[in-house]
Amino acid sequence: MMTIRVEYINPFLRASFGVLEAVLGKMPTKGELGMRPSVFTSQQCNVITGVAGRIQGQVIYGMSLITADRIASVMIGQPIRTFDQLAASAIAELGNMITGNAMALLAEAGYVCDITPPTIVRGSNVKISTLNIPALIIPMTLDQGLLELTVSLQER
Amino acid sequence: MPKRILVTDDAMFMRVTLRNILTKNGFEVAGEASNGREAIDMYRSLKPDAVTMDITMPEMDGISAVREIRKIDPHARIIMCTAMGQKNMVIDAVSAGAKDFIVKPFQAEKVVEAIQKVCG
């Protein structure tokens, strides 16, 4: 039976709300949580952040290319014409900020962890494997589109 | 003479954002480093008045870089600018010699205030 502990999820929920509101100027709406097999076909644009410490795994921020363009435009402060290095960096930093902020909340709960610099994977039909760690999906609806968090963490 | 700041972050977006905030508020960006190793080299060559330092970066993390920079210049004024706000990180950074700690996402005024304070 696949399980993922709620102690790992709440910090990501709280961090997402806080960071998304601060960066995009509006609180997101949370959709229904779901489970995901350890290998899955992901969104068109994915920010992968690694977590290492008392708990380990990945947290992936998936979105469509249009949503990525829209979010990057808000972050940069002007519409982007092409998804260039600066736009990619903005999207990556959004993931980094949410995971980073969640780490502070996890540490308060006794799970001290570090994070790895984010990686961006773009393309259609990308298959991502989280090995045997079960993944929980948190959909967040933003003005810019859907942002899907895939939280795949387990205690070491 | 405007104070000269060295910006350190692996994310181009953050470097651009910090550059905009700093130049709009009367500071000069002495240089932009994308990891701890580069920050040390640039600190040596540019001798900035203050440094903003991310923590999670490839090659060398920000806390190790703070330690090394403080060996070169025990009076170096370094402000951490990071997404990781947990207590152990703040304690590590301050004991390495950082003067202030700002958690991302930050407001421009926070950064300006912190830099003005350390440049006093």
# chains A, B, ... in the order shown; residues from 1 in each chain; ligands from 1
call {"tool": "residues_around", "arguments": {"residues": "region 71-79 of chain B", "least_positions_apart": "5", "cutoff": "12 Å", "atoms": "only C-alpha atoms", "output": "PyMOL selection string"}}
result
chain B and resi 3-9+39-45+47-55+62-66+90+93-94+96-103+110-120
call {"tool": "closest_atom_pairs", "arguments": {"of": "chain B", "to": "chain A", "cutoff": "7 Å", "atoms": "only C-alpha atoms", "output": "tab-separated table"}}
result
residue	atom	partner	partner_atom	distance
B:Ala11	CA	A:Ser89	CA	5.6
B:Met12	CA	A:Ser89	CA	5.8
B:Phe13	CA	A:Ala90	CA	5.1
B:Thr56	CA	A:Pro117	CA	6.1
B:Met57	CA	A:Pro117	CA	6.1
B:Pro58	CA	A:Pro117	CA	6.9
B:Ala83	CA	A:Gly100	CA	4.6
B:Met84	CA	A:Gly100	CA	4.5
B:Gly85	CA	A:Ala104	CA	5.3
B:Gln86	CA	A:Ala104	CA	4.0
B:Lys104	CA	A:Met97	CA	6.3
B:Pro105	CA	A:Val19	CA	6.5
call {"tool": "write_last_selection", "arguments": {"atoms": "N, CA and C atoms", "output": "short mmCIF file (atom, residue, chain, number, x, y, z; two decimals), in the first residue's frame"}}
result
data_model
loop_
_atom_site.label_atom_id
_atom_site.label_comp_id
_atom_site.auth_asym_id
_atom_site.auth_seq_id
_atom_site.Cartn_x
_atom_site.Cartn_y
_atom_site.Cartn_z
N ALA B 11 20.54 31.58 -9.96
CA ALA B 11 19.41 31.85 -10.86
C ALA B 11 19.56 33.21 -11.52
N MET B 12 19.63 33.19 -12.86
CA MET B 12 19.75 34.43 -13.61
C MET B 12 18.61 35.39 -13.25
N PHE B 13 17.41 34.83 -13.09
CA PHE B 13 16.25 35.65 -12.74
C PHE B 13 16.50 36.45 -11.46
N THR B 56 21.70 27.76 -1.69
CA THR B 56 21.74 26.56 -2.53
C THR B 56 22.24 26.92 -3.92
N MET B 57 23.48 26.53 -4.21
CA MET B 57 24.07 26.82 -5.52
C MET B 57 24.99 25.67 -5.90
N PRO B 58 25.14 25.43 -7.21
CA PRO B 58 26.09 24.39 -7.62
C PRO B 58 27.53 24.82 -7.36
N ALA B 83 15.94 31.06 -0.30
CA ALA B 83 14.59 30.53 -0.14
C ALA B 83 14.48 29.66 1.11
N MET B 84 15.65 29.33 1.69
CA MET B 84 15.66 28.41 2.84
C MET B 84 15.75 29.18 4.14
N GLY B 85 14.62 29.32 4.82
CA GLY B 85 14.62 30.16 6.01
C GLY B 85 14.68 29.40 7.33
N GLN B 86 15.06 28.12 7.30
CA GLN B 86 15.01 27.39 8.57
C GLN B 86 16.11 27.83 9.52
N LYS B 104 13.59 34.54 0.55
CA LYS B 104 12.84 34.72 -0.70
C LYS B 104 11.49 34.02 -0.59
N PRO B 105 10.43 34.54 -1.19
CA PRO B 105 10.41 35.77 -1.97
C PRO B 105 10.47 37.01 -1.07
#
call {"tool": "select_by_dssp", "arguments": {"residues": "region 38-144 of chain A", "states": "alpha helix (DSSP H)", "output": "PyMOL selection string"}}
result
chain A and resi 65-76+85-108
call {"tool": "write_last_selection", "arguments": {"atoms": "N, CA and C atoms", "output": "mmCIF file, in the first residue's frame"}}
result
data_model
loop_
_atom_site.group_PDB
_atom_site.id
_atom_site.type_symbol
_atom_site.label_atom_id
_atom_site.label_comp_id
_atom_site.auth_asym_id
_atom_site.auth_seq_id
_atom_site.Cartn_x
_atom_site.Cartn_y
_atom_site.Cartn_z
ATOM 1 N N LEU A 65 3.090 24.904 -21.182
ATOM 2 C CA LEU A 65 4.032 25.926 -21.681
ATOM 3 C C LEU A 65 3.403 27.315 -21.594
ATOM 4 N N ILE A 66 2.096 27.383 -21.854
ATOM 5 C CA ILE A 66 1.419 28.690 -21.792
ATOM 6 C C ILE A 66 1.422 29.221 -20.359
ATOM 7 N N THR A 67 1.131 28.324 -19.411
ATOM 8 C CA THR A 67 1.147 28.742 -18.006
ATOM 9 C C THR A 67 2.552 29.200 -17.603
ATOM 10 N N ALA A 68 3.561 28.464 -18.055
ATOM 11 C CA ALA A 68 4.952 28.836 -17.741
ATOM 12 C C ALA A 68 5.257 30.232 -18.287
ATOM 13 N N ASP A 69 4.818 30.496 -19.528
ATOM 14 C CA ASP A 69 5.032 31.813 -20.137
ATOM 15 C C ASP A 69 4.342 32.908 -19.315
ATOM 16 N N ARG A 70 3.104 32.613 -18.911
ATOM 17 C CA ARG A 70 2.331 33.620 -18.166
ATOM 18 C C ARG A 70 2.951 33.895 -16.806
ATOM 19 N N ILE A 71 3.365 32.832 -16.106
ATOM 20 C CA ILE A 71 3.975 33.019 -14.772
ATOM 21 C C ILE A 71 5.281 33.806 -14.914
ATOM 22 N N ALA A 72 6.104 33.402 -15.889
ATOM 23 C CA ALA A 72 7.395 34.076 -16.089
ATOM 24 C C ALA A 72 7.169 35.559 -16.404
ATOM 25 N N SER A 73 6.126 35.860 -17.189
ATOM 26 C CA SER A 73 5.837 37.261 -17.533
ATOM 27 C C SER A 73 5.545 38.083 -16.283
ATOM 28 N N VAL A 74 4.751 37.513 -15.367
ATOM 29 C CA VAL A 74 4.433 38.235 -14.129
ATOM 30 C C VAL A 74 5.706 38.432 -13.311
ATOM 31 N N MET A 75 6.513 37.365 -13.214
ATOM 32 C CA MET A 75 7.712 37.449 -12.381
ATOM 33 C C MET A 75 8.722 38.453 -12.932
ATOM 34 N N ILE A 76 8.865 38.475 -14.248
ATOM 35 C CA ILE A 76 9.851 39.369 -14.867
ATOM 36 C C ILE A 76 9.307 40.798 -14.962
ATOM 37 N N GLN A 85 16.343 31.969 -21.442
ATOM 38 C CA GLN A 85 17.035 31.567 -20.214
ATOM 39 C C GLN A 85 16.502 32.301 -18.982
ATOM 40 N N LEU A 86 16.154 33.571 -19.174
ATOM 41 C CA LEU A 86 15.640 34.362 -18.050
ATOM 42 C C LEU A 86 14.274 33.832 -17.606
ATOM 43 N N ALA A 87 13.417 33.497 -18.583
ATOM 44 C CA ALA A 87 12.088 32.963 -18.266
ATOM 45 C C ALA A 87 12.230 31.609 -17.563
ATOM 46 N N ALA A 88 13.104 30.764 -18.066
ATOM 47 C CA ALA A 88 13.330 29.443 -17.459
ATOM 48 C C ALA A 88 13.824 29.613 -16.032
ATOM 49 N N SER A 89 14.709 30.575 -15.860
ATOM 50 C CA SER A 89 15.279 30.832 -14.545
ATOM 51 C C SER A 89 14.208 31.323 -13.563
ATOM 52 N N ALA A 90 13.276 32.125 -14.058
ATOM 53 C CA ALA A 90 12.189 32.621 -13.204
ATOM 54 C C ALA A 90 11.312 31.462 -12.738
ATOM 55 N N ILE A 91 10.943 30.592 -13.672
ATOM 56 C CA ILE A 91 10.092 29.444 -13.343
ATOM 57 C C ILE A 91 10.822 28.515 -12.364
ATOM 58 N N ALA A 92 12.105 28.304 -12.616
ATOM 59 C CA ALA A 92 12.905 27.447 -11.738
ATOM 60 C C ALA A 92 12.959 28.035 -10.333
ATOM 61 N N GLU A 93 13.098 29.362 -10.281
ATOM 62 C CA GLU A 93 13.203 30.033 -8.983
ATOM 63 C C GLU A 93 11.882 29.938 -8.212
ATOM 64 N N LEU A 94 10.762 29.920 -8.928
ATOM 65 C CA LEU A 94 9.472 29.768 -8.254
ATOM 66 C C LEU A 94 9.440 28.420 -7.516
ATOM 67 N N GLY A 95 9.871 27.363 -8.200
ATOM 68 C CA GLY A 95 9.930 26.040 -7.577
ATOM 69 C C GLY A 95 10.901 26.028 -6.413
ATOM 70 N N ASN A 96 12.040 26.662 -6.618
ATOM 71 C CA ASN A 96 13.064 26.736 -5.579
ATOM 72 C C ASN A 96 12.538 27.448 -4.327
ATOM 73 N N MET A 97 11.766 28.513 -4.558
ATOM 74 C CA MET A 97 11.240 29.272 -3.418
ATOM 75 C C MET A 97 10.194 28.460 -2.650
ATOM 76 N N ILE A 98 9.322 27.761 -3.379
ATOM 77 C CA ILE A 98 8.292 26.976 -2.682
ATOM 78 C C ILE A 98 8.958 25.843 -1.895
ATOM 79 N N THR A 99 9.848 25.102 -2.548
ATOM 80 C CA THR A 99 10.516 24.000 -1.831
ATOM 81 C C THR A 99 11.354 24.552 -0.680
ATOM 82 N N GLY A 100 12.047 25.635 -0.922
ATOM 83 C CA GLY A 100 12.877 26.239 0.126
ATOM 84 C C GLY A 100 12.052 26.683 1.322
ATOM 85 N N ASN A 101 10.937 27.354 1.056
ATOM 86 C CA ASN A 101 10.061 27.795 2.147
ATOM 87 C C ASN A 101 9.458 26.595 2.885
ATOM 88 N N ALA A 102 9.147 25.537 2.138
ATOM 89 C CA ALA A 102 8.593 24.335 2.772
ATOM 90 C C ALA A 102 9.626 23.694 3.702
ATOM 91 N N MET A 103 10.904 23.823 3.362
ATOM 92 C CA MET A 103 11.961 23.235 4.198
ATOM 93 C C MET A 103 11.985 23.843 5.600
ATOM 94 N N ALA A 104 11.696 25.167 5.651
ATOM 95 C CA ALA A 104 11.675 25.827 6.970
ATOM 96 C C ALA A 104 10.549 25.242 7.810
ATOM 97 N N LEU A 105 9.404 24.986 7.171
ATOM 98 C CA LEU A 105 8.249 24.437 7.886
ATOM 99 C C LEU A 105 8.504 22.977 8.272
ATOM 100 N N LEU A 106 9.151 22.229 7.388
ATOM 101 C CA LEU A 106 9.490 20.839 7.708
ATOM 102 C C LEU A 106 10.485 20.783 8.871
ATOM 103 N N ALA A 107 11.427 21.716 8.870
ATOM 104 C CA ALA A 107 12.431 21.754 9.946
ATOM 105 C C ALA A 107 11.753 22.005 11.292
ATOM 106 N N GLU A 108 10.733 22.898 11.271
ATOM 107 C CA GLU A 108 9.980 23.168 12.510
ATOM 108 C C GLU A 108 9.310 21.898 13.026
#
call {"tool": "closest_residue", "arguments": {"among": "B:Met60, B:Cys81, B:Leu46, B:Ala108", "to": "Ala30 (chain B)", "atoms": "only C-alpha atoms"}}
result
B:Leu46
call {"tool": "atom_distance", "arguments": {"atom1": "CA of Tyr111 (chain A)", "atom2": "CA of Asn88 (chain B)"}}
result
11.4 Å
call {"tool": "select_by_dssp", "arguments": {"residues": "region 38-134 of chain A", "states": "strand (DSSP E or B)", "output": "JSON, numbers by chain"}}
result
{"A": [39, 40, 41, 45, 46, 47, 48, 49, 50, 51, 52, 53, 55, 56, 57, 58, 59, 60, 61, 62, 63, 113, 114, 115, 119, 120, 121, 122, 127, 128, 129]}
call {"tool": "write_last_selection", "arguments": {"atoms": "N, CA and C atoms", "output": "CSV table (one decimal), in the first residue's frame"}}
result
chain,number,residue,atom,x,y,z
A,39,VAL,N,6.0,6.1,-11.9
A,39,VAL,CA,6.4,6.6,-13.2
A,39,VAL,C,5.2,7.2,-13.9
A,40,PHE,N,5.4,8.4,-14.4
A,40,PHE,CA,4.2,9.1,-14.9
A,40,PHE,C,4.6,10.0,-16.1
A,41,THR,N,3.6,10.3,-16.9
A,41,THR,CA,3.8,11.3,-18.0
A,41,THR,C,3.5,12.7,-17.4
A,45,CYS,N,6.0,21.6,-19.0
A,45,CYS,CA,7.2,22.3,-18.3
A,45,CYS,C,7.2,21.9,-16.9
A,46,ASN,N,8.4,21.3,-16.5
A,46,ASN,CA,8.5,20.8,-15.1
A,46,ASN,C,9.7,21.4,-14.4
A,47,VAL,N,9.5,21.8,-13.2
A,47,VAL,CA,10.7,22.2,-12.4
A,47,VAL,C,10.9,21.1,-11.3
A,48,ILE,N,12.0,20.5,-11.3
A,48,ILE,CA,12.3,19.4,-10.4
A,48,ILE,C,13.2,19.9,-9.3
A,49,THR,N,12.8,19.8,-8.1
A,49,THR,CA,13.7,20.2,-7.0
A,49,THR,C,13.9,18.9,-6.1
A,50,GLY,N,15.1,18.7,-5.7
A,50,GLY,CA,15.4,17.5,-4.9
A,50,GLY,C,15.5,17.9,-3.4
A,51,VAL,N,15.1,17.0,-2.5
A,51,VAL,CA,15.1,17.1,-1.1
A,51,VAL,C,16.0,16.0,-0.5
A,52,ALA,N,16.9,16.4,0.4
A,52,ALA,CA,17.8,15.4,1.0
A,52,ALA,C,18.0,15.7,2.4
A,53,GLY,N,17.9,14.7,3.3
A,53,GLY,CA,18.1,14.9,4.7
A,53,GLY,C,17.3,13.8,5.4
A,55,ILE,N,14.2,13.5,5.4
A,55,ILE,CA,13.3,12.9,4.3
A,55,ILE,C,14.0,13.2,3.0
A,56,GLN,N,13.7,12.4,2.0
A,56,GLN,CA,14.3,12.6,0.7
A,56,GLN,C,13.4,12.3,-0.4
A,57,GLY,N,13.7,12.8,-1.6
A,57,GLY,CA,12.9,12.6,-2.8
A,57,GLY,C,12.9,13.8,-3.6
A,58,GLN,N,11.8,14.0,-4.4
A,58,GLN,CA,11.7,15.1,-5.3
A,58,GLN,C,10.3,15.8,-5.1
A,59,VAL,N,10.3,17.1,-5.4
A,59,VAL,CA,9.1,17.8,-5.5
A,59,VAL,C,9.1,18.4,-6.9
A,60,ILE,N,8.1,18.1,-7.7
A,60,ILE,CA,8.1,18.6,-9.1
A,60,ILE,C,6.9,19.6,-9.3
A,61,TYR,N,7.2,20.7,-10.0
A,61,TYR,CA,6.2,21.7,-10.3
A,61,TYR,C,5.9,21.6,-11.8
A,62,GLY,N,4.7,21.1,-12.1
A,62,GLY,CA,4.4,20.9,-13.6
A,62,GLY,C,3.4,21.9,-14.0
A,63,MET,N,3.5,22.3,-15.3
A,63,MET,CA,2.6,23.3,-15.9
A,63,MET,C,2.6,23.2,-17.4
A,113,CYS,N,16.1,19.2,6.4
A,113,CYS,CA,16.5,18.8,5.1
A,113,CYS,C,17.2,19.9,4.3
A,114,ASP,N,17.9,19.5,3.3
A,114,ASP,CA,18.5,20.5,2.4
A,114,ASP,C,17.8,20.3,1.0
A,115,ILE,N,18.0,21.3,0.1
A,115,ILE,CA,17.4,21.1,-1.2
A,115,ILE,C,18.5,21.2,-2.3
A,119,THR,N,16.0,21.9,-11.5
A,119,THR,CA,16.2,21.6,-12.9
A,119,THR,C,14.9,21.8,-13.6
A,120,ILE,N,15.0,22.3,-14.9
A,120,ILE,CA,13.8,22.4,-15.7
A,120,ILE,C,13.8,21.4,-16.8
A,121,VAL,N,12.7,20.7,-16.9
A,121,VAL,CA,12.5,19.7,-18.0
A,121,VAL,C,11.3,20.2,-18.8
A,122,ARG,N,11.6,20.4,-20.1
A,122,ARG,CA,10.5,20.9,-21.0
A,122,ARG,C,10.3,19.9,-22.2
A,127,LYS,N,8.4,11.3,-19.6
A,127,LYS,CA,8.1,10.4,-18.5
A,127,LYS,C,9.1,10.6,-17.4
A,128,ILE,N,8.5,10.8,-16.2
A,128,ILE,CA,9.4,11.1,-15.0
A,128,ILE,C,9.2,9.9,-14.0
A,129,SER,N,10.3,9.4,-13.5
A,129,SER,CA,10.2,8.3,-12.5
A,129,SER,C,10.7,8.8,-11.2
call {"tool": "atom_distance", "arguments": {"atom1": "CA of Asp61 (chain B)", "atom2": "CA of Glu32 (chain B)"}}
result
15.3 Å
call {"tool": "atom_distance", "arguments": {"atom1": "CA of Asp143 (chain A)", "atom2": "CA of Gly25 (chain A)"}}
result
9.8 Å
call {"tool": "decode", "arguments": {"residues": "region 39-128 of chain A", "atoms": "C-alpha atoms", "output": "mmCIF file, in the first residue's frame"}}
result
data_model
loop_
_atom_site.group_PDB
_atom_site.id
_atom_site.type_symbol
_atom_site.label_atom_id
_atom_site.label_comp_id
_atom_site.auth_asym_id
_atom_site.auth_seq_id
_atom_site.Cartn_x
_atom_site.Cartn_y
_atom_site.Cartn_z
ATOM 1 C CA VAL A 39 6.421 6.571 -13.239
ATOM 2 C CA PHE A 40 4.192 9.071 -14.944
ATOM 3 C CA THR A 41 3.831 11.278 -17.972
ATOM 4 C CA SER A 42 4.334 14.802 -16.877
ATOM 5 C CA GLN A 43 3.314 18.252 -17.895
ATOM 6 C CA GLN A 44 5.017 20.204 -20.690
ATOM 7 C CA CYS A 45 7.158 22.272 -18.337
ATOM 8 C CA ASN A 46 8.505 20.808 -15.093
ATOM 9 C CA VAL A 47 10.668 22.232 -12.352
ATOM 10 C CA ILE A 48 12.303 19.415 -10.416
ATOM 11 C CA THR A 49 13.657 20.150 -6.955
ATOM 12 C CA GLY A 50 15.432 17.548 -4.851
ATOM 13 C CA VAL A 51 15.130 17.135 -1.082
ATOM 14 C CA ALA A 52 17.814 15.406 0.974
ATOM 15 C CA GLY A 53 18.068 14.924 4.718
ATOM 16 C CA ARG A 54 15.780 13.237 7.191
ATOM 17 C CA ILE A 55 13.326 12.904 4.348
ATOM 18 C CA GLN A 56 14.346 12.579 0.731
ATOM 19 C CA GLY A 57 12.893 12.599 -2.754
ATOM 20 C CA GLN A 58 11.660 15.129 -5.294
ATOM 21 C CA VAL A 59 9.073 17.800 -5.548
ATOM 22 C CA ILE A 60 8.052 18.576 -9.126
ATOM 23 C CA TYR A 61 6.174 21.662 -10.268
ATOM 24 C CA GLY A 62 4.409 20.885 -13.551
ATOM 25 C CA MET A 63 2.556 23.258 -15.850
ATOM 26 C CA SER A 64 1.712 23.844 -19.507
ATOM 27 C CA LEU A 65 4.032 25.926 -21.681
ATOM 28 C CA ILE A 66 1.419 28.690 -21.792
ATOM 29 C CA THR A 67 1.147 28.742 -18.006
ATOM 30 C CA ALA A 68 4.952 28.836 -17.741
ATOM 31 C CA ASP A 69 5.032 31.813 -20.137
ATOM 32 C CA ARG A 70 2.331 33.620 -18.166
ATOM 33 C CA ILE A 71 3.975 33.019 -14.772
ATOM 34 C CA ALA A 72 7.395 34.076 -16.089
ATOM 35 C CA SER A 73 5.837 37.261 -17.533
ATOM 36 C CA VAL A 74 4.433 38.235 -14.129
ATOM 37 C CA MET A 75 7.712 37.449 -12.381
ATOM 38 C CA ILE A 76 9.851 39.369 -14.867
ATOM 39 C CA GLY A 77 7.376 42.237 -15.032
ATOM 40 C CA GLN A 78 6.895 42.257 -18.783
ATOM 41 C CA PRO A 79 5.414 39.870 -21.358
ATOM 42 C CA ILE A 80 7.970 37.359 -22.581
ATOM 43 C CA ARG A 81 8.260 36.794 -26.332
ATOM 44 C CA THR A 82 10.190 33.535 -26.179
ATOM 45 C CA PHE A 83 10.809 31.193 -23.277
ATOM 46 C CA ASP A 84 14.458 32.175 -22.948
ATOM 47 C CA GLN A 85 17.035 31.567 -20.214
ATOM 48 C CA LEU A 86 15.640 34.362 -18.050
ATOM 49 C CA ALA A 87 12.088 32.963 -18.266
ATOM 50 C CA ALA A 88 13.330 29.443 -17.459
ATOM 51 C CA SER A 89 15.279 30.832 -14.545
ATOM 52 C CA ALA A 90 12.189 32.621 -13.204
ATOM 53 C CA ILE A 91 10.092 29.444 -13.343
ATOM 54 C CA ALA A 92 12.905 27.447 -11.738
ATOM 55 C CA GLU A 93 13.203 30.033 -8.983
ATOM 56 C CA LEU A 94 9.472 29.768 -8.254
ATOM 57 C CA GLY A 95 9.930 26.040 -7.577
ATOM 58 C CA ASN A 96 13.064 26.736 -5.579
ATOM 59 C CA MET A 97 11.240 29.272 -3.418
ATOM 60 C CA ILE A 98 8.292 26.976 -2.682
ATOM 61 C CA THR A 99 10.516 24.000 -1.831
ATOM 62 C CA GLY A 100 12.877 26.239 0.126
ATOM 63 C CA ASN A 101 10.061 27.795 2.147
ATOM 64 C CA ALA A 102 8.593 24.335 2.772
ATOM 65 C CA MET A 103 11.961 23.235 4.198
ATOM 66 C CA ALA A 104 11.675 25.827 6.970
ATOM 67 C CA LEU A 105 8.249 24.437 7.886
ATOM 68 C CA LEU A 106 9.490 20.839 7.708
ATOM 69 C CA ALA A 107 12.431 21.754 9.946
ATOM 70 C CA GLU A 108 9.980 23.168 12.510
ATOM 71 C CA ALA A 109 8.257 19.770 12.477
ATOM 72 C CA GLY A 110 11.606 18.085 13.146
ATOM 73 C CA TYR A 111 12.543 17.133 9.580
ATOM 74 C CA VAL A 112 15.713 19.042 8.798
ATOM 75 C CA CYS A 113 16.529 18.783 5.093
ATOM 76 C CA ASP A 114 18.484 20.498 2.365
ATOM 77 C CA ILE A 115 17.431 21.115 -1.236
ATOM 78 C CA THR A 116 19.217 20.827 -4.563
ATOM 79 C CA PRO A 117 19.257 23.561 -7.213
ATOM 80 C CA PRO A 118 16.177 23.219 -9.457
ATOM 81 C CA THR A 119 16.224 21.574 -12.880
ATOM 82 C CA ILE A 120 13.793 22.408 -15.691
ATOM 83 C CA VAL A 121 12.522 19.709 -18.023
ATOM 84 C CA ARG A 122 10.471 20.875 -21.001
ATOM 85 C CA GLY A 123 8.864 18.821 -23.740
ATOM 86 C CA SER A 124 5.780 16.794 -24.478
ATOM 87 C CA ASN A 125 5.293 13.215 -23.361
ATOM 88 C CA VAL A 126 8.120 13.379 -20.818
ATOM 89 C CA LYS A 127 8.116 10.383 -18.503
ATOM 90 C CA ILE A 128 9.352 11.054 -14.989
#
